[in-house]
$ cat target-v9.cif   # mmCIF, C-alpha atoms
data_run
loop_
_atom_site.label_atom_id
_atom_site.label_comp_id
_atom_site.auth_asym_id
_atom_site.auth_seq_id
_atom_site.Cartn_x
_atom_site.Cartn_y
_atom_site.Cartn_z
CA MET A 244 0.00 0.00 0.00
CA GLY A 245 1.11 3.58 -0.65
CA VAL A 246 3.42 2.63 -3.52
CA PRO A 247 2.00 3.79 -6.85
CA MET A 248 1.58 1.13 -9.51
CA VAL A 249 2.78 3.29 -12.36
CA ARG A 250 5.18 6.20 -12.23
CA ILE A 251 7.37 8.29 -14.50
CA THR A 252 10.28 10.16 -12.97
CA LEU A 253 12.28 12.90 -14.65
CA ASN A 254 15.81 13.07 -13.24
CA GLN A 255 17.28 16.48 -14.12
CA VAL A 256 16.16 16.10 -17.70
CA TYR A 257 17.16 18.91 -20.00
CA ALA A 258 16.94 19.85 -23.63
CA VAL A 259 19.07 22.48 -25.35
CA ARG A 260 18.46 23.96 -28.79
CA ASP A 261 20.41 27.03 -29.95
CA GLN A 262 19.54 29.77 -27.43
CA TRP A 263 16.60 27.84 -25.95
CA SER A 264 16.68 25.33 -23.09
CA LEU A 265 14.32 23.32 -20.91
CA SER A 266 15.00 21.53 -17.65
CA ALA A 267 12.62 19.22 -15.85
CA SER A 268 12.65 17.18 -12.66
CA GLY A 269 9.79 15.50 -10.84
CA THR A 270 7.65 12.40 -10.49
CA PHE A 271 4.31 11.86 -12.22
CA ASN A 272 2.20 9.31 -10.37
CA GLU A 273 -1.12 7.75 -11.36
CA GLY A 274 -3.81 10.32 -12.18
CA VAL A 275 -4.43 13.25 -14.49
CA HIS A 276 -1.68 15.86 -14.65
CA LEU A 277 -1.84 19.28 -16.26
CA VAL A 278 1.31 20.84 -17.68
CA SER A 279 0.71 24.46 -18.62
CA GLY A 280 3.04 27.01 -20.13
CA ASP A 281 3.28 29.73 -22.74
CA VAL A 282 3.50 28.98 -26.45
CA GLY A 283 7.08 27.96 -27.19
CA SER A 284 7.90 27.19 -23.57
CA GLY A 285 8.74 23.55 -24.35
CA LYS A 286 5.55 21.60 -23.66
CA SER A 287 5.72 19.63 -26.92
CA THR A 288 9.44 19.00 -26.48
CA LEU A 289 8.84 17.64 -22.98
CA ALA A 290 5.99 15.44 -24.25
CA LEU A 291 8.21 14.02 -27.01
CA MET A 292 11.02 13.36 -24.54
CA MET A 293 8.65 11.63 -22.10
CA ALA A 294 7.37 9.48 -24.98
CA GLY A 295 10.96 8.52 -25.80
CA LEU A 296 10.74 10.07 -29.27
CA LEU A 297 13.25 12.84 -28.72
CA PRO A 298 16.75 12.28 -27.33
CA LEU A 299 17.54 14.05 -24.06
CA SER A 300 20.40 16.54 -23.94
CA GLY A 301 20.99 15.34 -20.39
CA GLY A 302 19.46 13.57 -17.39
CA SER A 303 17.28 10.49 -17.49
CA ILE A 304 13.66 9.38 -17.50
CA GLU A 305 12.69 6.43 -15.34
CA LYS A 306 9.43 4.60 -16.06
CA THR A 307 8.02 2.23 -13.45
CA GLY A 308 5.23 -0.22 -14.23
CA ILE A 309 4.54 1.38 -17.61
CA THR A 310 3.95 -1.27 -20.24
CA SER A 311 1.98 0.77 -22.76
CA GLY A 312 2.19 4.41 -23.74
CA MET A 313 0.67 6.80 -26.23
CA LEU A 314 1.44 10.32 -27.36
CA SER A 315 -1.12 12.44 -29.16
CA LEU A 316 0.76 15.02 -31.23
CA GLN A 317 -0.47 18.60 -31.42
CA PHE A 318 -1.23 18.44 -35.15
CA PRO A 319 -3.59 15.50 -35.84
CA GLU A 320 -2.93 15.50 -39.60
CA LEU A 321 0.63 14.33 -38.93
CA HIS A 322 -0.80 11.13 -37.44
CA VAL A 323 -2.69 10.28 -40.63
CA THR A 324 -1.55 7.03 -42.23
CA GLY A 325 -4.87 5.82 -43.64
CA LEU A 326 -6.16 6.78 -47.07
CA SER A 327 -9.77 6.85 -45.82
CA VAL A 328 -11.37 7.81 -42.50
CA ALA A 329 -12.26 4.14 -41.84
CA GLU A 330 -8.74 3.02 -42.71
CA GLU A 331 -7.36 5.66 -40.35
CA CYS A 332 -9.42 4.16 -37.49
CA THR A 333 -8.15 0.68 -38.37
CA SER A 334 -4.55 1.92 -38.31
CA TRP A 335 -5.11 2.77 -34.62
CA GLY A 336 -6.37 -0.77 -34.00
CA VAL A 337 -9.93 0.34 -33.22
CA ASP A 338 -13.29 -0.54 -34.74
CA PRO A 339 -14.18 2.17 -37.32
CA CYS A 340 -17.95 1.63 -36.97
CA LYS A 341 -17.93 2.23 -33.21
CA ILE A 342 -15.63 5.23 -33.32
CA LEU A 343 -17.29 6.95 -36.26
CA GLU A 344 -20.75 6.46 -34.80
CA ALA A 345 -19.62 7.94 -31.49
CA ILE A 346 -18.33 11.12 -33.13
CA GLY A 347 -20.98 11.34 -35.84
CA LEU A 348 -18.71 10.83 -38.82
CA THR A 349 -20.14 7.55 -40.14
CA GLU A 350 -21.16 9.13 -43.43
CA LYS A 351 -17.61 10.30 -44.05
CA LYS A 352 -15.97 6.91 -43.55
CA ASP A 353 -14.84 6.58 -47.18
CA ILE A 354 -13.35 10.03 -47.69
CA SER A 355 -9.74 11.01 -47.07
CA PRO A 356 -9.01 12.04 -43.46
CA LEU A 357 -7.33 15.13 -44.90
CA SER A 358 -10.68 16.22 -46.36
CA LEU A 359 -12.11 16.57 -42.85
CA SER A 360 -12.06 19.93 -41.14
CA ARG A 361 -9.32 20.45 -38.56
CA GLY A 362 -11.89 20.10 -35.76
CA GLU A 363 -13.32 16.86 -37.18
CA LEU A 364 -9.86 15.42 -37.67
CA THR A 365 -8.95 16.29 -34.07
CA GLN A 366 -12.17 14.62 -32.89
CA LEU A 367 -11.39 11.50 -34.93
CA HIS A 368 -7.81 11.41 -33.73
CA LEU A 369 -8.71 11.83 -30.05
CA ALA A 370 -11.51 9.27 -30.28
CA CYS A 371 -9.01 6.72 -31.63
CA VAL A 372 -6.39 7.59 -29.01
CA LEU A 373 -8.83 7.49 -26.09
CA ALA A 374 -10.48 4.26 -27.23
CA LYS A 375 -7.73 2.24 -25.61
CA ASP A 376 -6.29 2.24 -22.10
CA TYR A 377 -2.65 3.12 -21.75
CA ASP A 378 -0.42 3.19 -18.68
CA LEU A 379 0.99 6.50 -19.91
CA LEU A 380 -1.10 8.82 -22.05
CA LEU A 381 0.48 12.08 -23.20
CA LEU A 382 -1.86 14.59 -24.82
CA ASP A 383 -0.16 17.54 -26.51
CA GLU A 384 -2.60 20.46 -26.90
CA PRO A 385 -5.67 18.19 -27.18
CA PHE A 386 -8.10 21.11 -26.96
CA SER A 387 -6.84 23.05 -29.97
CA SER A 388 -9.31 23.21 -32.90
CA LEU A 389 -12.17 21.92 -30.75
CA ASP A 390 -15.29 23.97 -30.05
CA CYS A 391 -16.56 24.44 -26.48
CA GLU A 392 -18.98 21.50 -26.68
CA GLU A 393 -16.24 19.13 -27.87
CA LYS A 394 -13.83 20.43 -25.23
CA VAL A 395 -16.39 19.63 -22.53
CA LYS A 396 -16.87 16.13 -23.98
CA LEU A 397 -13.12 15.58 -24.05
CA CYS A 398 -12.81 16.67 -20.41
CA ALA A 399 -15.56 14.21 -19.47
CA ARG A 400 -13.79 11.44 -21.39
CA ILE A 401 -10.49 12.17 -19.64
CA GLY A 402 -12.32 12.32 -16.31
CA GLN A 403 -13.60 8.78 -16.87
CA LYS A 404 -10.07 7.36 -16.89
CA SER A 405 -9.62 5.40 -13.71
CA GLN A 406 -6.09 4.10 -14.14
CA GLY A 407 -2.70 5.05 -15.57
CA ILE A 408 -0.97 8.38 -15.91
CA THR A 409 -2.54 11.00 -18.16
CA ILE A 410 -0.52 14.14 -18.82
CA ILE A 411 -2.17 17.05 -20.63
CA PHE A 412 0.20 19.61 -22.14
CA THR A 413 -1.84 22.70 -22.91
CA HIS A 414 -2.19 26.44 -22.71
CA GLU A 415 -6.00 26.12 -22.62
CA GLN A 416 -7.35 28.34 -19.84
CA ASN A 417 -11.11 27.93 -19.86
CA ILE A 418 -12.32 24.36 -20.23
CA LEU A 419 -10.18 21.82 -18.43
CA PRO A 420 -10.75 18.44 -16.77
CA ARG A 421 -10.44 17.73 -13.06
CA VAL A 422 -6.75 17.08 -12.43
CA THR A 423 -4.65 15.37 -9.78
CA ARG A 424 -1.63 17.66 -10.03
CA ILE A 425 -0.68 20.90 -11.75
CA TRP A 426 2.71 21.60 -13.32
CA GLU A 427 3.91 24.52 -15.39
CA ILE A 428 6.90 25.54 -17.42
CA VAL A 429 8.28 28.89 -16.29
CA ASP A 430 11.49 30.41 -17.69
CA GLY A 431 12.58 27.09 -19.16
CA THR A 432 12.01 25.04 -16.01
CA LEU A 433 9.24 22.58 -15.16
CA VAL A 434 7.71 23.58 -11.83
CA ASP A 435 5.52 21.34 -9.68
CA CYS A 436 2.71 23.59 -8.41
CA GLY A 437 1.19 20.80 -6.32
CA THR A 438 -2.36 19.53 -6.01
CA PRO A 439 -5.45 21.70 -6.43
CA PRO A 440 -6.68 23.84 -4.78
CA ASN A 441 -3.42 24.66 -2.97
CA ALA A 442 -1.59 24.66 -6.31
CA PHE A 443 -3.46 27.80 -7.40
CA GLN A 444 -1.38 30.10 -5.21
CA HIS A 445 1.90 28.93 -6.87
CA TRP A 446 0.52 28.65 -10.40
CA HIS A 447 1.67 31.49 -12.70
CA HIS A 448 -0.76 30.42 -15.45
CA VAL A 449 -3.77 30.19 -13.16
CA PRO A 450 -6.96 30.88 -15.19
CA SER A 451 -8.41 34.34 -14.52
CA VAL A 452 -11.78 32.88 -13.53
CA ILE A 453 -10.12 30.95 -10.68
CA GLU A 454 -8.30 34.14 -9.61
CA LYS A 455 -11.60 36.06 -9.56
CA LEU A 456 -13.45 33.36 -7.65
CA THR A 457 -10.61 33.15 -5.12
CA ALA A 458 -10.63 36.93 -4.73
CA LEU A 459 -14.35 36.76 -3.99
CA GLY A 460 -13.62 34.26 -1.21
CA SER A 461 -14.85 31.17 -3.02
CA ARG A 462 -11.83 29.20 -4.16
CA PRO A 463 -12.80 26.24 -6.39
CA ASP A 464 -11.63 22.76 -5.34
CA ASN A 465 -10.31 21.94 -8.78
CA ILE A 466 -10.12 23.36 -12.32
CA SER A 467 -13.02 21.61 -14.07
CA LEU A 468 -16.14 23.48 -15.16
CA ASP A 469 -18.17 21.67 -12.48
CA ASP A 470 -15.75 22.88 -9.80
CA LEU A 471 -15.92 26.45 -11.11
CA ARG A 472 -19.73 26.34 -11.20
CA GLU A 473 -19.86 24.98 -7.67
CA ALA A 474 -17.56 27.77 -6.45
CA ALA A 475 -19.66 30.39 -8.26
CA CYS A 476 -22.83 28.99 -6.67
CA ARG A 477 -21.25 29.34 -3.25
CA ILE A 478 -20.87 33.10 -3.83
CA GLN A 479 -24.49 33.44 -4.85
CA GLY A 480 -25.39 31.60 -1.65
CA MET B 49 31.03 32.03 -46.38
CA GLN B 50 29.32 35.30 -45.46
CA ASP B 51 28.50 36.85 -48.84
CA PRO B 52 25.51 35.03 -50.37
CA ARG B 53 26.25 36.40 -53.86
CA ILE B 54 29.69 34.78 -53.90
CA ARG B 55 28.28 31.66 -52.22
CA ILE B 56 25.58 31.08 -54.81
CA ALA B 57 27.90 31.88 -57.74
CA THR B 58 30.52 29.56 -56.25
CA ALA B 59 27.97 26.76 -55.83
CA ALA B 60 26.86 27.23 -59.46
CA PHE B 61 30.45 27.11 -60.79
CA LEU B 62 31.34 24.09 -58.69
CA SER B 63 28.19 22.18 -59.63
CA LEU B 64 28.89 22.82 -63.29
CA ALA B 65 32.52 21.77 -62.90
CA ALA B 66 31.56 18.56 -61.07
CA PHE B 67 28.91 17.70 -63.64
CA MET B 68 31.15 18.28 -66.65
CA SER B 69 33.98 15.89 -65.85
CA LEU B 70 35.32 13.40 -63.37
CA HIS B 71 38.52 15.36 -62.78
CA GLY B 72 36.36 18.44 -62.22
CA ALA B 73 34.36 16.50 -59.62
CA ALA B 74 37.60 15.46 -57.90
CA ALA B 75 38.74 19.09 -57.74
CA VAL B 76 35.34 20.19 -56.40
CA PHE B 77 35.55 17.51 -53.72
CA LEU B 78 38.92 18.92 -52.67
CA TRP B 79 37.38 22.41 -52.55
CA TRP B 80 34.59 21.02 -50.35
CA LEU B 81 37.16 19.49 -48.00
CA VAL B 82 39.11 22.75 -47.70
CA PHE B 83 36.38 25.40 -47.55
CA THR B 84 33.42 23.82 -45.70
CA PRO B 85 32.86 22.33 -42.22
CA ARG B 86 32.47 18.91 -43.97
CA LEU B 87 31.21 16.20 -41.65
CA GLN B 88 29.45 18.62 -39.31
CA LEU B 89 27.29 19.46 -42.33
CA ALA B 90 26.48 15.82 -43.00
CA LYS B 91 25.37 15.37 -39.40
CA ARG B 92 23.03 18.34 -39.63
CA ILE B 93 21.41 17.39 -42.91
CA ARG B 94 20.22 13.81 -42.74
CA LEU B 95 18.46 14.13 -46.06
CA VAL B 96 21.81 13.95 -47.83
CA PHE B 97 22.22 10.27 -46.97
CA SER B 98 18.92 9.29 -48.54
CA LEU B 99 19.80 11.39 -51.60
CA ILE B 100 23.15 9.65 -51.96
CA LEU B 101 21.40 6.27 -51.61
CA MET B 102 19.01 7.24 -54.38
CA ILE B 103 21.90 8.32 -56.61
CA ALA B 104 23.65 5.02 -55.85
CA PHE B 105 20.58 3.12 -57.02
CA PHE B 106 20.34 4.98 -60.33
CA SER B 107 24.12 4.71 -60.81
CA LEU B 108 23.91 0.95 -60.38
CA VAL B 109 21.16 0.75 -62.96
CA LEU B 110 23.23 2.90 -65.32
CA GLU B 111 26.35 0.79 -64.76
CA LEU B 112 24.48 -2.44 -65.42
CA PHE B 113 22.67 -1.33 -68.56
CA GLY B 114 24.87 1.25 -70.25
CA GLY B 115 28.06 1.87 -68.28
CA GLY B 116 29.34 5.06 -66.74
CA GLY B 117 27.49 4.51 -63.48
CA LEU B 118 30.52 5.03 -61.29
CA SER B 119 31.37 8.32 -62.96
CA TYR B 120 27.74 9.44 -62.62
CA PHE B 121 27.70 8.46 -58.94
CA THR B 122 30.91 10.35 -58.19
CA ARG B 123 29.85 13.51 -60.02
CA MET B 124 26.32 13.58 -58.59
CA THR B 125 27.49 12.85 -55.03
CA VAL B 126 29.88 15.80 -55.19
CA ILE B 127 27.04 18.01 -56.48
CA VAL B 128 24.88 16.87 -53.55
CA LEU B 129 27.70 17.78 -51.14
CA ILE B 130 27.89 21.26 -52.66
CA GLY B 131 24.09 21.61 -52.46
CA MET B 132 24.18 20.52 -48.83
CA TRP B 133 26.82 23.14 -48.06
CA LEU B 134 24.84 25.84 -49.87
CA PHE B 135 21.63 24.97 -48.01
CA SER B 136 23.29 24.82 -44.59
CA GLU B 137 24.90 28.25 -45.06
CA GLN B 138 21.62 29.79 -46.23
CA LYS B 139 20.17 32.44 -43.90
CA SER B 140 16.64 33.78 -43.92
CA GLY B 141 16.24 36.84 -46.19
CA GLU B 142 19.32 36.23 -48.34
CA PHE B 143 17.43 35.28 -51.50
CA LEU B 144 15.34 38.41 -51.15
CA SER B 145 18.49 40.53 -50.87
CA ILE B 146 20.10 38.84 -53.87
CA GLY B 147 16.90 39.14 -55.93
CA VAL B 148 16.70 42.88 -55.28
CA TRP B 149 20.44 43.34 -55.86
CA LEU B 150 20.22 41.54 -59.21
CA PHE B 151 16.88 42.61 -60.67
CA GLY B 152 15.66 45.58 -58.64
CA ASP B 153 12.65 46.33 -56.45
CA ARG B 154 9.94 44.86 -58.64
CA ALA B 155 10.94 41.64 -60.45
CA GLY B 156 13.89 41.06 -58.12
CA PHE B 157 11.79 41.49 -55.00
CA GLU B 158 9.15 39.08 -56.29
CA LEU B 159 11.69 36.47 -57.41
CA GLY B 160 13.50 36.75 -54.08
CA MET B 161 10.26 36.43 -52.14
CA VAL B 162 9.25 33.32 -54.11
CA ALA B 163 12.67 31.80 -53.42
CA GLU B 164 12.36 32.61 -49.69
CA MET B 165 8.93 30.97 -49.59
CA GLY B 166 10.33 27.90 -51.34
CA ILE B 167 13.12 27.55 -48.78
CA GLN B 168 10.67 28.10 -45.91
CA SER B 169 8.37 25.47 -47.38
CA PHE B 170 11.25 23.00 -47.60
CA VAL B 171 12.11 23.59 -43.92
CA SER B 172 8.44 23.06 -42.94
CA VAL B 173 8.15 19.89 -45.03
CA THR B 174 11.30 18.49 -43.39
CA ALA B 175 9.89 19.24 -39.91
CA ASP B 176 6.54 17.69 -40.85
CA TYR B 177 8.25 14.58 -42.18
CA ASP B 178 10.11 14.16 -38.87
CA ARG B 179 6.78 14.35 -36.99
CA ILE B 180 5.15 11.87 -39.42
CA ARG B 181 7.93 9.37 -38.73
CA MET B 182 7.33 9.90 -34.99
CA ALA B 183 3.59 9.38 -35.47
CA GLU B 184 4.28 6.15 -37.36
CA LYS B 185 6.48 4.98 -34.48
CA ILE B 186 3.67 5.84 -32.04
CA LYS B 187 1.30 3.62 -34.03
CA GLY B 188 3.91 0.87 -34.04
CA MET B 189 4.30 1.06 -37.80
CA HIS B 190 7.57 0.23 -39.51
CA TRP B 191 8.86 2.19 -42.47
CA GLU B 192 7.81 0.66 -45.78
CA VAL B 193 7.28 1.89 -49.32
CA ARG B 194 3.48 1.70 -48.85
CA SER B 195 3.64 4.22 -46.00
CA LEU B 196 5.17 6.78 -48.36
CA VAL B 197 1.78 7.35 -50.05
CA PRO B 198 -0.12 8.71 -47.00
CA ALA B 199 3.01 10.51 -45.79
CA GLY B 200 3.38 12.17 -49.20
CA LEU B 201 -0.29 13.15 -49.19
CA VAL B 202 0.05 14.72 -45.75
CA LEU B 203 3.16 16.65 -46.83
CA VAL B 204 1.58 17.92 -50.06
CA HIS B 205 -1.64 18.80 -48.24
CA GLY B 206 0.32 20.69 -45.57
CA ALA B 207 2.33 22.58 -48.21
CA ILE B 208 -0.87 23.58 -50.08
CA VAL B 209 -2.57 24.74 -46.87
CA ARG B 210 0.46 26.84 -45.92
CA ALA B 211 0.63 28.32 -49.44
CA GLU B 212 -3.06 29.26 -49.23
CA ASP B 213 -2.52 30.86 -45.82
CA THR B 214 0.42 32.88 -47.16
CA THR B 215 -1.59 33.98 -50.20
CA GLU B 216 -4.48 35.13 -48.01
CA LEU B 217 -2.09 36.94 -45.69
CA LEU B 218 -0.46 38.80 -48.60
CA ALA B 219 -3.89 39.71 -50.03
CA ILE B 220 -5.18 40.90 -46.64
CA ARG B 221 -2.12 43.09 -46.21
CA GLY B 222 -2.78 44.60 -49.64
CA TYR B 223 0.30 43.22 -51.40
CA GLN B 224 0.19 43.75 -55.16
CA HIS B 225 3.72 43.66 -56.55
CA GLY B 226 7.36 44.40 -55.76
CA GLY B 227 8.70 46.07 -52.65
CA THR B 228 11.61 48.13 -51.39
CA LEU B 229 14.71 46.73 -49.78
CA CYS B 230 18.29 47.95 -49.35
CA PRO B 231 20.37 44.77 -49.48
CA GLN B 232 23.59 44.74 -47.50
CA PHE B 233 26.30 42.11 -47.84
CA ILE B 234 29.37 41.32 -45.79
CA THR B 235 32.31 40.11 -47.90
CA ARG B 236 35.27 38.52 -46.17
CA PRO B 237 38.68 37.87 -47.80
CA LEU B 238 38.17 34.10 -47.48
CA ASP B 239 34.91 34.39 -49.47
CA ILE B 240 36.82 35.95 -52.36
CA ILE B 241 39.59 33.33 -52.17
CA ALA B 242 37.07 30.44 -52.12
CA GLY B 243 35.17 32.03 -55.02
CA MET B 244 38.32 32.49 -57.11
CA VAL B 245 39.39 28.92 -56.48
CA ALA B 246 35.94 27.82 -57.67
CA VAL B 247 36.41 29.77 -60.92
CA CYS B 248 39.82 28.09 -61.39
CA ILE B 249 38.18 24.68 -60.82
CA LEU B 250 35.58 25.43 -63.47
CA LEU B 251 38.32 26.34 -65.94
CA PHE B 252 40.21 23.20 -64.99
CA ALA B 253 37.06 21.13 -65.57
CA LEU B 254 36.71 22.67 -69.04
CA ILE B 255 40.24 21.62 -70.05
CA PRO B 256 40.20 18.28 -71.91
CA VAL B 257 42.86 16.58 -69.75
CA SER B 258 43.22 13.49 -71.98
CA GLU B 259 43.95 15.66 -75.02
CA PHE B 260 46.51 17.59 -72.99
CA PHE B 261 48.42 14.40 -72.14
CA ILE B 262 48.28 13.16 -75.76
CA LEU B 263 50.45 16.13 -76.74
CA TYR B 264 53.27 14.67 -74.67
CA ARG B 265 53.13 11.14 -76.13
#

$ encode --input "target-v9.cif" --output "C-alpha cells"
Amino acid sequence: MGVPMVRITLNQVYAVRDQWSLSASGTFNEGVHLVSGDVGSGKSTLALMMAGLLPLSGGSIEKTGITSGMLSLQFPELHVTGLSVAEECTSWGVDPCKILEAIGLTEKKDISPLSLSRGELTQLHLACVLAKDYDLLLLDEPFSSLDCEEKVKLCARIGQKSQGITIIFTHEQNILPRVTRIWEIVDGTLVDCGTPPNAFQHWHHVPSVIEKLTALGSRPDNISLDDLREAACRIQG
Amino acid sequence: MQDPRIRIATAAFLSLAAFMSLHGAAAVFLWWLVFTPRLQLAKRIRLVFSLILMIAFFSLVLELFGGGGLSYFTRMTVIVLIGMWLFSEQKSGEFLSIGVWLFGDRAGFELGMVAEMGIQSFVSVTADYDRIRMAEKIKGMHWEVRSLVPAGLVLVHGAIVRAEDTTELLAIRGYQHGGTLCPQFITRPLDIIAGMVAVCILLFALIPVSEFFILYR
C-alpha cells in the first residue's frame, strides 16, 4: 500500500536547442496531470522526450510499471496514415464503426481524413487515441481546434479514466478536466505547483476565472467546469 | 562564407565543374574538403544520406545497362555535397536581398520572395516529415514503401494549406507587386579566395585533360 503502480520520474532532464533550453525534474504518479506554459515554452518537447521520441540533452527518464504508452501530437494531420477515414481508425487498432458512430462521422468513412475539417480530424484522432487504455497517455494540446462543446466532452472522457498516468500539455485556460496535479513551465524550467486547490497560489498560469473566484472568497476545489460552477454557486449563496 | 552572392555563384560554378567531368568532380571535392565544415554538415542534414542512396541506385542501374554509373555516382554525389553546403549556409532573407540586388525592387523582390517561400516550405516539409515518422512509431508502424503514399499526401496537403494561408495573408495586407529593400552584404577575404578557387576549378574542368596528355606522347 502507498506505492504507486505506475510512475514516470524525470531526473534532471534537459533539452538544449540554440539559445533555448528546458530543464525538468519530478515524479508523475497515477492520475491526471496538467502541464501548462506559454506557447514555445517547451511543452511539446517535454511530451516528445517523455514518450521517448526525442533524445535528451541530459538527465534520465525512469518509467516504473509502464507497459503501454501513447502520445497524441499537437497536429492531428501528422498522425494520418490511412487513405480513408475508416482506414485511419483501423490503423489505430480500433473498430471504425464504433468510433465513427460515437463522433458522428459515419457518413464520411470513405473520404480522405485530410478532407475533414481540422476540428473533425482532431475529434477522430482523439476518439481513436482514447479508445484504448494506456499506462501512460500524453496529450499535446488536445483542446486546440475543438469547439466548447467538444472540449467539454473531451474533459468528461479524460475524467472517466480510472487508471494510468494522463498528462495534458496545454495552454488552454477555460475548459479543463479535473486534475490530480498541476505543473507549469516557467522560464525554461518545469515547476511542480502541487495539487489543487493549494496549487493555485503557486501557479503562474492560473486561469483568470479561478483568480476572480478566489478573490471573492470562493476558491474552487479543482479546475473543471463543475468545480468552477460549484464555487460560483457558493458566492451566490 | 558570409556573402551570399559569392556563395551562390561559387555553388553554381562548382556544380557545373563537377557535372562536366570526373577530374572536375575530384577538384570540387577537394574544394569542399578545404572550404566547408564537412562532416558537421552531414550530421546536420540527414536528407543527404537518402539522396546519396538514391543516386547510388540509379548509378547501379546505369552501370548495369549502359556503363558510366561510377562516374555518374561520383559527379552527382559531389554536387549533392555542394548543395548541402549551400543549403546549410543559407540564412533567412538572403534570397530576397540577392533578388533585389540583381533585378531591382519589382521583379527582383518578387523572385527573391518566391525563393524565400520555397526555402521556408522546404524547412516546414522536413519538420513535418520528422513528426510523421514519430507518429508512425507511435502507431507501431515500420517504415515501408506503402507508408510513403499517406506521408506524401500529408506533406503535399500541408504545403498547399500553408501556401493558401500565405496567399491570403499577402492579399489581406494589400500586397500587389514588388517592394523596397536595401540589401547589405558582408564580404570577407576568405569568401573571395574560395570564389576564385571555384572559378579556377571550373576552368580546370573545361580543359580536356586526356587531349593535354596526348600532346606529350

$ atom_distance --input "target-v9.cif" --atom1 "atom CA of Leu471 of chain A" --atom2 "atom CA of Gly274 of chain A"
20.2 Å

$ resolve_selection --input "target-v9.cif" --expression "the PyMOL selection byres ((chain A) within 9 of (chain B))" --output "number ranges by chain"
A: 294, 296, 312-316, 320-326, 334-336, 357

$ resolve_selection --input "target-v9.cif" --expression "the PyMOL selection byres ((chain A and resi 329) around 8)" --output "number ranges by chain"
A: 325, 327-328, 330-333, 339-340, 352-353

$ residues_around --input "target-v9.cif" --residues "Thr122 of chain B" --least-positions-apart "6" --cutoff "9 Å" --atoms "only C-alpha atoms" --output "ChimeraX atom specification"
/B:66,70,73-74

$ write_last_selection --input "target-v9.cif" --atoms "C-alpha atoms" --output "tab-separated table (two decimals), in the coordinates of the input"
chain	number	residue	atom	x	y	z
B	66	ALA	CA	31.56	18.56	-61.07
B	70	LEU	CA	35.32	13.40	-63.37
B	73	ALA	CA	34.36	16.50	-59.62
B	74	ALA	CA	37.60	15.46	-57.90

$ resolve_selection --input "target-v9.cif" --expression "the PyMOL selection byres ((chain B and resi 135) around 12)" --output "VMD selection string"
chain B and resid 49 52 55 to 56 59 89 to 90 92 to 93 95 to 96 128 to 134 136 to 140 142 to 143 167 to 168 170 to 171

$ write_last_selection --input "target-v9.cif" --atoms "C-alpha atoms" --output "PDB file, keeping the file's coordinate frame"
ATOM      1  CA  MET B  49      31.030  32.030 -46.380  1.00  0.00           C
ATOM      2  CA  PRO B  52      25.510  35.030 -50.370  1.00  0.00           C
ATOM      3  CA  ARG B  55      28.280  31.660 -52.220  1.00  0.00           C
ATOM      4  CA  ILE B  56      25.580  31.080 -54.810  1.00  0.00           C
ATOM      5  CA  ALA B  59      27.970  26.760 -55.830  1.00  0.00           C
ATOM      6  CA  LEU B  89      27.290  19.460 -42.330  1.00  0.00           C
ATOM      7  CA  ALA B  90      26.480  15.820 -43.000  1.00  0.00           C
ATOM      8  CA  ARG B  92      23.030  18.340 -39.630  1.00  0.00           C
ATOM      9  CA  ILE B  93      21.410  17.390 -42.910  1.00  0.00           C
ATOM     10  CA  LEU B  95      18.460  14.130 -46.060  1.00  0.00           C
ATOM     11  CA  VAL B  96      21.810  13.950 -47.830  1.00  0.00           C
ATOM     12  CA  VAL B 128      24.880  16.870 -53.550  1.00  0.00           C
ATOM     13  CA  LEU B 129      27.700  17.780 -51.140  1.00  0.00           C
ATOM     14  CA  ILE B 130      27.890  21.260 -52.660  1.00  0.00           C
ATOM     15  CA  GLY B 131      24.090  21.610 -52.460  1.00  0.00           C
ATOM     16  CA  MET B 132      24.180  20.520 -48.830  1.00  0.00           C
ATOM     17  CA  TRP B 133      26.820  23.140 -48.060  1.00  0.00           C
ATOM     18  CA  LEU B 134      24.840  25.840 -49.870  1.00  0.00           C
ATOM     19  CA  SER B 136      23.290  24.820 -44.590  1.00  0.00           C
ATOM     20  CA  GLU B 137      24.900  28.250 -45.060  1.00  0.00           C
ATOM     21  CA  GLN B 138      21.620  29.790 -46.230  1.00  0.00           C
ATOM     22  CA  LYS B 139      20.170  32.440 -43.900  1.00  0.00           C
ATOM     23  CA  SER B 140      16.640  33.780 -43.920  1.00  0.00           C
ATOM     24  CA  GLU B 142      19.320  36.230 -48.340  1.00  0.00           C
ATOM     25  CA  PHE B 143      17.430  35.280 -51.500  1.00  0.00           C
ATOM     26  CA  ILE B 167      13.120  27.550 -48.780  1.00  0.00           C
ATOM     27  CA  GLN B 168      10.670  28.100 -45.910  1.00  0.00           C
ATOM     28  CA  PHE B 170      11.250  23.000 -47.600  1.00  0.00           C
ATOM     29  CA  VAL B 171      12.110  23.590 -43.920  1.00  0.00           C
TER      30      VAL B 171
END

$ atom_distance --input "target-v9.cif" --atom1 "atom CA of Ser69 of chain B" --atom2 "atom CA of Ile241 of chain B"
22.9 Å

$ closest_residue --input "target-v9.cif" --among "B:Gly160, B:Met124, B:Leu217, B:Thr235" --to "Val148 of chain B" --atoms "only C-alpha atoms"
B:Gly160

$ atom_distance --input "target-v9.cif" --atom1 "atom CA of Val82 of chain B" --atom2 "atom CA of Asp239 of chain B"
12.5 Å

$ residues_around --input "target-v9.cif" --residues "Ser303 of chain A" --least-positions-apart "6" --cutoff "10 Å" --atoms "only C-alpha atoms" --output "list of chain:residue names"
A:Thr252, A:Leu253, A:Asn254, A:Gln255, A:Val256, A:Tyr257, A:Ser268, A:Met292, A:Met293

$ closest_residue --input "target-v9.cif" --among "A:Ala474, A:Ile466, A:Ala258, A:Leu419" --to "Thr438 of chain A" --atoms "all atoms listed in the file"
A:Ile466

$ residues_around --input "target-v9.cif" --residues "Phe233 of chain B" --least-positions-apart "4" --cutoff "9 Å" --atoms "only C-alpha atoms" --output "list in words"
Gln50, Asp51, Pro52, Arg53 and Ser145 of chain B

$ residues_around --input "target-v9.cif" --residues "His276 of chain A" --least-positions-apart "4" --cutoff "9 Å" --atoms "only C-alpha atoms" --output "PyMOL selection string"
chain A and resi 271-272+408-412+422-426

$ residues_around --input "target-v9.cif" --residues "Cys476 of chain A" --least-positions-apart "6" --cutoff "12 Å" --atoms "all atoms listed in the file" --output "PyMOL selection string"
chain A and resi 456+459-463+469-470
